[in-house]
Amino acid sequence: MSNDFASTALVFNHDGLGHADEALRHKLASNYLRTLLELGQLPQAILFYAGGVKLVAHGSPCLAELTELAAAGVPVIACRTCLDFYGLMDQVAAGEIGNMLRIVEAQAQAAKVITL
C-alpha cells in the first residue's frame with residue numbers, strides 16, 4: 001500500500017477527535033493514530049496547538065501511538081505557547097516542543113493539511 005499521507009500534515013487543535021464527550025474524543029484520537037500505524041500511512045507531520053497540546057502530555061490516551069509515530073520518523077510538534085498557557089511545559093511525554101514558526105513551516109511544506 002502506498003503512503004497517501006506522506007505529504008500531509010495533521011493538526012490537532014483540541015484534545016481529541018471530533019466534538020463528542022471527552023472519553024469518546026480521546027478514544028477516537030487513539031484509534032485514528034493506531035490505524036495510521038497499522039496501515040503504514042505515516043503523515044509528514046502531526047501538529048498540536050490550542051487544546052490539542054494536551055494530547056502530548058503525561059496522562060494522554062494517545063501517548064503510545066504518538067511515541068511510535070515519532071520513533072518512525074514523523075515529526076510530532078507541540079506549540080510552546082500553548083503548552084505554557086496550559087501549564088504543560090514540563091509534562092510533554094511525546095514529540096517535541098516547537099513554536100508557531102515550526103508549525104507554519106510544517107504546514108507550508110505539506111501538500112495537504114488536515115485538521116482533525
# chains A, B, ... in the order shown; residues from 1 in each chain; ligands from 1
call {"tool": "residues_around", "arguments": {"residues": "Gly95 (chain A)", "least_positions_apart": "3", "cutoff": "10 Å", "atoms": "only C-alpha atoms", "output": "PDB file with C-alpha atoms, in the first residue's frame"}}
result
ATOM      1  CA  ILE A  46       1.483  15.897  13.293  1.00  0.00           C
ATOM      2  CA  LEU A  47       0.971  19.339  14.773  1.00  0.00           C
ATOM      3  CA  PHE A  48      -0.628  20.288  18.083  1.00  0.00           C
ATOM      4  CA  VAL A  56       1.195  15.052  24.009  1.00  0.00           C
ATOM      5  CA  ALA A  57       1.265  15.444  27.800  1.00  0.00           C
ATOM      6  CA  LEU A  63       0.989   8.609  24.092  1.00  0.00           C
ATOM      7  CA  LEU A  66       2.386   9.311  19.255  1.00  0.00           C
ATOM      8  CA  THR A  67       5.609   7.848  20.622  1.00  0.00           C
ATOM      9  CA  GLU A  68       5.513   5.122  17.979  1.00  0.00           C
ATOM     10  CA  LEU A  69       4.834   7.656  15.203  1.00  0.00           C
ATOM     11  CA  ALA A  70       7.718   9.848  16.397  1.00  0.00           C
ATOM     12  CA  ALA A  71      10.006   6.796  16.535  1.00  0.00           C
ATOM     13  CA  VAL A  74       7.089  11.504  11.964  1.00  0.00           C
ATOM     14  CA  PRO A  75       7.646  14.969  13.467  1.00  0.00           C
ATOM     15  CA  VAL A  76       5.220  15.353  16.377  1.00  0.00           C
ATOM     16  CA  ILE A  77       5.314  19.072  17.205  1.00  0.00           C
ATOM     17  CA  ALA A  78       3.522  20.831  20.062  1.00  0.00           C
ATOM     18  CA  VAL A  92       5.408  16.698  27.414  1.00  0.00           C
ATOM     19  CA  GLY A  98       8.129  23.726  18.820  1.00  0.00           C
TER      20      GLY A  98
END
call {"tool": "residues_around", "arguments": {"residues": "region 8-21 of chain A", "least_positions_apart": "2", "cutoff": "6 Å", "atoms": "only C-alpha atoms", "output": "list in words"}}
result
Phe5, Ala6, Ala23, Leu24, Arg25, His26, Leu28, Ala29, Pro43, Gln44, Ala45, Ile46, Leu47, Phe48, Tyr49, Ala50, Gly51, Gly52, Lys54, Leu55, Ala110, Ala111, Lys112, Val113, Ile114, Thr115 and Leu116 of chain A
call {"tool": "atom_distance", "arguments": {"atom1": "CA of Asp90 (chain A)", "atom2": "CA of Ser30 (chain A)"}}
result
22.3 Å
call {"tool": "atom_distance", "arguments": {"atom1": "CA of Thr81 (chain A)", "atom2": "CA of Leu101 (chain A)"}}
result
11.4 Å
call {"tool": "atom_distance", "arguments": {"atom1": "CA of Pro61 (chain A)", "atom2": "CA of Ala94 (chain A)"}}
result
11.4 Å
call {"tool": "select_by_dssp", "arguments": {"residues": "region 37-104 of chain A", "states": "alpha helix (DSSP H)", "output": "list of chain:residue names"}}
result
A:Leu37, A:Glu38, A:Leu39, A:Leu63, A:Ala64, A:Glu65, A:Leu66, A:Thr67, A:Glu68, A:Leu69, A:Ala70, A:Ala71, A:Arg80, A:Thr81, A:Cys82, A:Leu83, A:Asp84, A:Phe85, A:Met100, A:Leu101, A:Arg102, A:Ile103, A:Val104
call {"tool": "select_by_dssp", "arguments": {"residues": "chain A", "states": "strand (DSSP E or B)", "output": "MDAnalysis selection string"}}
result
chainID A and resid 8:12 45:48 57 76:79 92 96:98 112:115
call {"tool": "closest_residue", "arguments": {"among": "A:Glu105, A:Tyr32, A:Glu65, A:Val53", "to": "Tyr86 (chain A)", "atoms": "only C-alpha atoms"}}
result
A:Val53
call {"tool": "closest_residue", "arguments": {"among": "A:Cys82, A:Cys62, A:Leu88, A:Ala72", "to": "Gln41 (chain A)", "atoms": "only C-alpha atoms"}}
result
A:Ala72
call {"tool": "decode", "arguments": {"residues": "region 19-115 of chain A", "atoms": "C-alpha atoms", "output": "short mmCIF file (atom, residue, chain, number, x, y, z; two decimals), in the first residue's frame"}}
result
data_model
loop_
_atom_site.label_atom_id
_atom_site.label_comp_id
_atom_site.auth_asym_id
_atom_site.auth_seq_id
_atom_site.Cartn_x
_atom_site.Cartn_y
_atom_site.Cartn_z
CA HIS A 19 -16.80 17.18 19.22
CA ALA A 20 -18.12 14.41 21.45
CA ASP A 21 -17.71 13.64 25.14
CA GLU A 22 -14.10 13.72 26.32
CA ALA A 23 -13.80 9.93 26.66
CA LEU A 24 -15.06 9.39 23.11
CA ARG A 25 -12.85 12.18 21.67
CA HIS A 26 -9.83 10.53 23.30
CA LYS A 27 -10.76 7.04 22.14
CA LEU A 28 -11.29 8.25 18.57
CA ALA A 29 -7.94 10.06 18.52
CA SER A 30 -6.13 6.95 19.77
CA ASN A 31 -7.95 4.75 17.27
CA TYR A 32 -7.18 7.14 14.42
CA LEU A 33 -3.47 7.27 15.21
CA ARG A 34 -3.29 3.50 15.76
CA THR A 35 -4.98 2.94 12.39
CA LEU A 36 -2.41 5.17 10.66
CA LEU A 37 0.33 3.00 12.15
CA GLU A 38 -1.36 -0.28 11.27
CA LEU A 39 -1.88 0.82 7.66
CA GLY A 40 1.60 2.32 7.33
CA GLN A 41 0.06 5.68 6.50
CA LEU A 42 2.66 7.91 8.13
CA PRO A 43 1.91 11.63 7.83
CA GLN A 44 4.56 14.21 7.02
CA ALA A 45 3.97 15.82 10.43
CA ILE A 46 1.48 15.90 13.29
CA LEU A 47 0.97 19.34 14.77
CA PHE A 48 -0.63 20.29 18.08
CA TYR A 49 -1.81 23.70 19.20
CA ALA A 50 -4.52 25.20 21.40
CA GLY A 51 -6.14 22.40 23.45
CA GLY A 52 -4.54 19.82 21.17
CA VAL A 53 -1.29 20.08 23.12
CA LYS A 54 -2.95 18.13 25.94
CA LEU A 55 -2.62 15.02 23.76
CA VAL A 56 1.20 15.05 24.01
CA ALA A 57 1.26 15.44 27.80
CA HIS A 58 1.52 12.82 30.54
CA GLY A 59 -1.84 11.14 31.01
CA SER A 60 -2.86 11.45 27.38
CA PRO A 61 -4.59 8.39 25.92
CA CYS A 62 -2.55 8.82 22.72
CA LEU A 63 0.99 8.61 24.09
CA ALA A 64 1.76 5.09 22.87
CA GLU A 65 0.68 5.91 19.32
CA LEU A 66 2.39 9.31 19.26
CA THR A 67 5.61 7.85 20.62
CA GLU A 68 5.51 5.12 17.98
CA LEU A 69 4.83 7.66 15.20
CA ALA A 70 7.72 9.85 16.40
CA ALA A 71 10.01 6.80 16.53
CA ALA A 72 9.00 6.05 12.93
CA GLY A 73 10.30 9.48 11.93
CA VAL A 74 7.09 11.50 11.96
CA PRO A 75 7.65 14.97 13.47
CA VAL A 76 5.22 15.35 16.38
CA ILE A 77 5.31 19.07 17.20
CA ALA A 78 3.52 20.83 20.06
CA CYS A 79 3.16 24.61 20.33
CA ARG A 80 5.33 26.06 23.10
CA THR A 81 2.96 29.00 23.72
CA CYS A 82 0.00 26.63 24.14
CA LEU A 83 1.91 24.25 26.41
CA ASP A 84 2.94 27.22 28.56
CA PHE A 85 -0.65 28.53 28.64
CA TYR A 86 -1.94 25.18 29.94
CA GLY A 87 0.99 24.72 32.34
CA LEU A 88 2.20 21.64 30.46
CA MET A 89 5.76 22.61 29.54
CA ASP A 90 7.24 20.01 31.88
CA GLN A 91 4.58 17.39 31.08
CA VAL A 92 5.41 16.70 27.41
CA ALA A 93 5.73 12.93 27.01
CA ALA A 94 5.67 12.56 23.22
CA GLY A 95 7.15 14.56 20.40
CA GLU A 96 8.95 17.86 20.54
CA ILE A 97 8.23 21.35 21.75
CA GLY A 98 8.13 23.73 18.82
CA ASN A 99 6.89 27.18 18.13
CA MET A 100 4.40 28.67 15.70
CA LEU A 101 7.19 29.21 13.14
CA ARG A 102 7.93 25.47 13.16
CA ILE A 103 4.21 24.66 12.84
CA VAL A 104 3.69 27.10 9.95
CA GLU A 105 6.77 25.75 8.18
CA ALA A 106 5.48 22.19 8.51
CA GLN A 107 2.11 23.24 7.11
CA ALA A 108 3.75 25.12 4.22
CA GLN A 109 5.86 22.09 3.30
CA ALA A 110 2.83 19.80 3.26
CA ALA A 111 0.81 19.28 0.09
CA LYS A 112 -2.29 18.91 2.28
CA VAL A 113 -3.20 19.94 5.84
CA ILE A 114 -5.99 18.08 7.63
CA THR A 115 -7.44 19.50 10.84
#
